[in-house]
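Worksheet: one structure, shown below.
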Amino acid sequence: MTLPEAIFGDQPAYQGVAPDPEPREVLLDLRGVRKTYQSGSLQVDAVRGIDLQVLAGDYVAIMGPSGSGKSTLMHIIGCLDVPTAGSYRLAGVDVAGMGEQELAHVRNQRIGFVFQSFNLLPGLTAQRNVELPLVYAGVSGPERRARARAALDRVGLADRVDHRPNELSGGQQQRVSVARALVTEPDLILADEPTGNLDSASTAEVLALFGDLHDQGRTIVIITHEHDVADQARRVVVMRDGAISEVRV
């Protein structure tokens, strides 16, 4: 799949889109996205009619209280779940038309995930943890080792490649997680409450790293309930009761 020649100026305006002085590719395009869960006779509308575009190079925070629908939206953006209604196009391709293998490829190669709980394997070194997406992608040993070391160097952990998670601080573990997200050179970094388990010093470290990555042209979407974290983004999409209630630029 290649990025389409989709230009912001040729697209209608959707909720959460700020005017952009230079045309950029539309990376995420959600139109009328709804997600409904059925529990017996009870129907729960977790996400209700979301219209949202994220352009290549954007830094967007999606925030809201518990039950606002932000986690459901994160799962849809990350191709971990599918909408009940509406459409979601990733780099111009309708996700609804993707098969299981293609979705697995997207999750492994095109979206770099960063989780609140780090999701590092305790028995593996930092380098081996970062190599994992490349192992699943069938990348040769020498190449994946070189790419993992380069990714760890980019997050300031070149001297921690042989350390296991229990030998690293929380902030260092999260930076390993960011390196793992970067190692496939994905289109999107998708971070779910990335500072939720960190102290204030480590939070500042990780947010500074996201800021640096954005300055380098990375597209970043952070899911958070913390105002201080959301305020680091260039655009804040506030959710309430399954819908976008506010957009701050």
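Following the order of the structure tokens, first chain is A, next is B, and so on, with residues numbered from 1 inside each chain and ligands from 1 in the order they appear.
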Give me, as a Markdown table, the closest atom pair and its distance (Å, one decimal) for every residue of range 190-233 of chain A within a cut-off of 12 Å of range 19-41 of chain A, counting only C-alpha atoms, rows sorted by chain and rising number.
```
| residue | atom | partner | partner_atom | distance |
| --- | --- | --- | --- | --- |
| A:Leu190 | CA | A:Leu28 | CA | 11.8 |
| A:Gly217 | CA | A:Arg24 | CA | 11.5 |
| A:Arg218 | CA | A:Leu27 | CA | 11.5 |
| A:Thr219 | CA | A:Leu27 | CA | 8.6 |
| A:Ile220 | CA | A:Leu27 | CA | 10.9 |
| A:Val221 | CA | A:Leu28 | CA | 10.4 |
```
With C-alpha atoms retained, export the selected residues as a compact mmCIF listing (two decimals), in the first residue's frame.
```
# COMPACT_ATOMS: atom_id res chain seq x y z
CA LEU A 190 -0.15 5.48 18.53
CA GLY A 217 8.22 14.74 11.10
CA ARG A 218 6.61 11.79 12.90
CA THR A 219 2.82 11.50 13.07
CA ILE A 220 1.79 10.97 16.70
CA VAL A 221 -1.60 10.29 18.27
```
For this session: Can you pull out every residue within 12 Å of Ala201 in chain A, counting only C-alpha atoms, but drop anything in the same chain fewer than 6 positions away, and send it as a list in words?
Result: Ser169, Gly170, Gly171, Gln172, Thr195, Leu207 and Ala208 of chain A
Exercise. Distance CA of Arg160 in chain A-CA of Gly138 in chain A, one decimal place?
Worked result: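 About the pair CA of Arg160 in chain A and CA of Gly138 in chain A: they are 24.7 Å apart.
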Exercise. So, counting only C-alpha atoms, which residue among A:Thr125, A:Asn197, A:Thr72, A:Thr184 is closest to Asn108 in chain A?
Worked result: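 Ranking A:Thr125, A:Asn197, A:Thr72, A:Thr184 by distance to Asn108 in chain A, first place goes to A:Thr184.
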Test item, alpha helix (DSSP H) assignment across range 32-97 of chain A, answer as a PDB file with C-alpha atoms, in the first residue's frame:
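Below you can see out.pdb, which holds the result:
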```
ATOM      1  CA  LYS A  70     -11.415   7.493  23.661  1.00  0.00           C
ATOM      2  CA  SER A  71     -10.158   3.932  24.219  1.00  0.00           C
ATOM      3  CA  THR A  72     -12.694   2.544  21.747  1.00  0.00           C
ATOM      4  CA  LEU A  73     -11.588   5.151  19.211  1.00  0.00           C
ATOM      5  CA  MET A  74      -7.946   4.223  19.856  1.00  0.00           C
ATOM      6  CA  HIS A  75      -8.730   0.565  19.095  1.00  0.00           C
ATOM      7  CA  ILE A  76     -10.391   1.566  15.821  1.00  0.00           C
ATOM      8  CA  ILE A  77      -7.489   3.836  14.800  1.00  0.00           C
TER       9      ILE A  77
END
```
Exercise. If you measure from CA of Ala146 in chain A to CA of His105 in chain A, what distance in Å do you get, rounded to one decimal?
Worked result: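 We find that CA of Ala146 in chain A and CA of His105 in chain A lie 21.5 Å from each other.
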Problem set entry | Test item: residues at most 12 Å from Arg154 in chain A, only C-alpha atoms, excluding those fewer than 6 positions along its chain, as a PyMOL selection string | chain A and resi 147-148+175-176+178-183+209-210+212-213+216
Deliver the residues from the most recent selection as a file, using N, CA and C atoms, as a PDB file, in the first residue's frame.
```
ATOM      1  N   ARG A 147      19.042  -2.357  13.181  1.00  0.00           N
ATOM      2  CA  ARG A 147      17.921  -1.421  13.261  1.00  0.00           C
ATOM      3  C   ARG A 147      17.467  -1.220  14.706  1.00  0.00           C
ATOM      4  N   ALA A 148      17.506  -2.285  15.511  1.00  0.00           N
ATOM      5  CA  ALA A 148      17.125  -2.159  16.922  1.00  0.00           C
ATOM      6  C   ALA A 148      18.110  -1.264  17.670  1.00  0.00           C
ATOM      7  N   ARG A 175      10.868   4.282  27.110  1.00  0.00           N
ATOM      8  CA  ARG A 175      11.673   4.666  25.952  1.00  0.00           C
ATOM      9  C   ARG A 175      12.037   3.434  25.114  1.00  0.00           C
ATOM     10  N   VAL A 176      12.233   2.293  25.756  1.00  0.00           N
ATOM     11  CA  VAL A 176      12.420   1.051  24.998  1.00  0.00           C
ATOM     12  C   VAL A 176      11.160   0.759  24.196  1.00  0.00           C
ATOM     13  N   VAL A 178       9.052   2.934  23.073  1.00  0.00           N
ATOM     14  CA  VAL A 178       9.021   3.875  21.952  1.00  0.00           C
ATOM     15  C   VAL A 178       9.980   3.418  20.853  1.00  0.00           C
ATOM     16  N   ALA A 179      11.161   2.944  21.247  1.00  0.00           N
ATOM     17  CA  ALA A 179      12.118   2.432  20.253  1.00  0.00           C
ATOM     18  C   ALA A 179      11.529   1.260  19.482  1.00  0.00           C
ATOM     19  N   ARG A 180      10.823   0.379  20.178  1.00  0.00           N
ATOM     20  CA  ARG A 180      10.161  -0.761  19.517  1.00  0.00           C
ATOM     21  C   ARG A 180       9.102  -0.260  18.538  1.00  0.00           C
ATOM     22  N   ALA A 181       8.380   0.810  18.919  1.00  0.00           N
ATOM     23  CA  ALA A 181       7.379   1.376  18.019  1.00  0.00           C
ATOM     24  C   ALA A 181       8.020   2.001  16.796  1.00  0.00           C
ATOM     25  N   LEU A 182       9.229   2.524  16.939  1.00  0.00           N
ATOM     26  CA  LEU A 182       9.909   3.222  15.841  1.00  0.00           C
ATOM     27  C   LEU A 182      10.628   2.289  14.876  1.00  0.00           C
ATOM     28  N   VAL A 183      10.960   1.095  15.332  1.00  0.00           N
ATOM     29  CA  VAL A 183      11.936   0.274  14.603  1.00  0.00           C
ATOM     30  C   VAL A 183      11.460  -0.136  13.214  1.00  0.00           C
ATOM     31  N   LEU A 209      10.626  13.360  24.432  1.00  0.00           N
ATOM     32  CA  LEU A 209      10.953  12.453  23.329  1.00  0.00           C
ATOM     33  C   LEU A 209       9.882  12.520  22.240  1.00  0.00           C
ATOM     34  N   PHE A 210       8.607  12.515  22.631  1.00  0.00           N
ATOM     35  CA  PHE A 210       7.536  12.645  21.641  1.00  0.00           C
ATOM     36  C   PHE A 210       7.642  13.980  20.901  1.00  0.00           C
ATOM     37  N   ASP A 212      10.371  15.650  20.300  1.00  0.00           N
ATOM     38  CA  ASP A 212      11.492  15.531  19.355  1.00  0.00           C
ATOM     39  C   ASP A 212      11.073  14.736  18.121  1.00  0.00           C
ATOM     40  N   LEU A 213      10.344  13.645  18.336  1.00  0.00           N
ATOM     41  CA  LEU A 213       9.903  12.816  17.214  1.00  0.00           C
ATOM     42  C   LEU A 213       8.972  13.591  16.299  1.00  0.00           C
ATOM     43  N   GLN A 216      10.811  15.845  14.127  1.00  0.00           N
ATOM     44  CA  GLN A 216      11.475  15.119  13.039  1.00  0.00           C
ATOM     45  C   GLN A 216      10.486  14.687  11.955  1.00  0.00           C
TER      46      GLN A 216
END
```
For this session: Write out as a ChimeraX atom specification the residues lying within 10 Å of range 65-68 of chain A, counting only C-alpha atoms and excluding same-chain residues fewer than 4 positions away.
Result: /A:46-47,72-73,224-226,238-244
Exercise. Of the residues A:Ile50, A:Leu198, A:Val139, A:Leu157, which is the one nearest to Phe118 in chain A, using only C-alpha atoms?
Worked result: A:Leu198
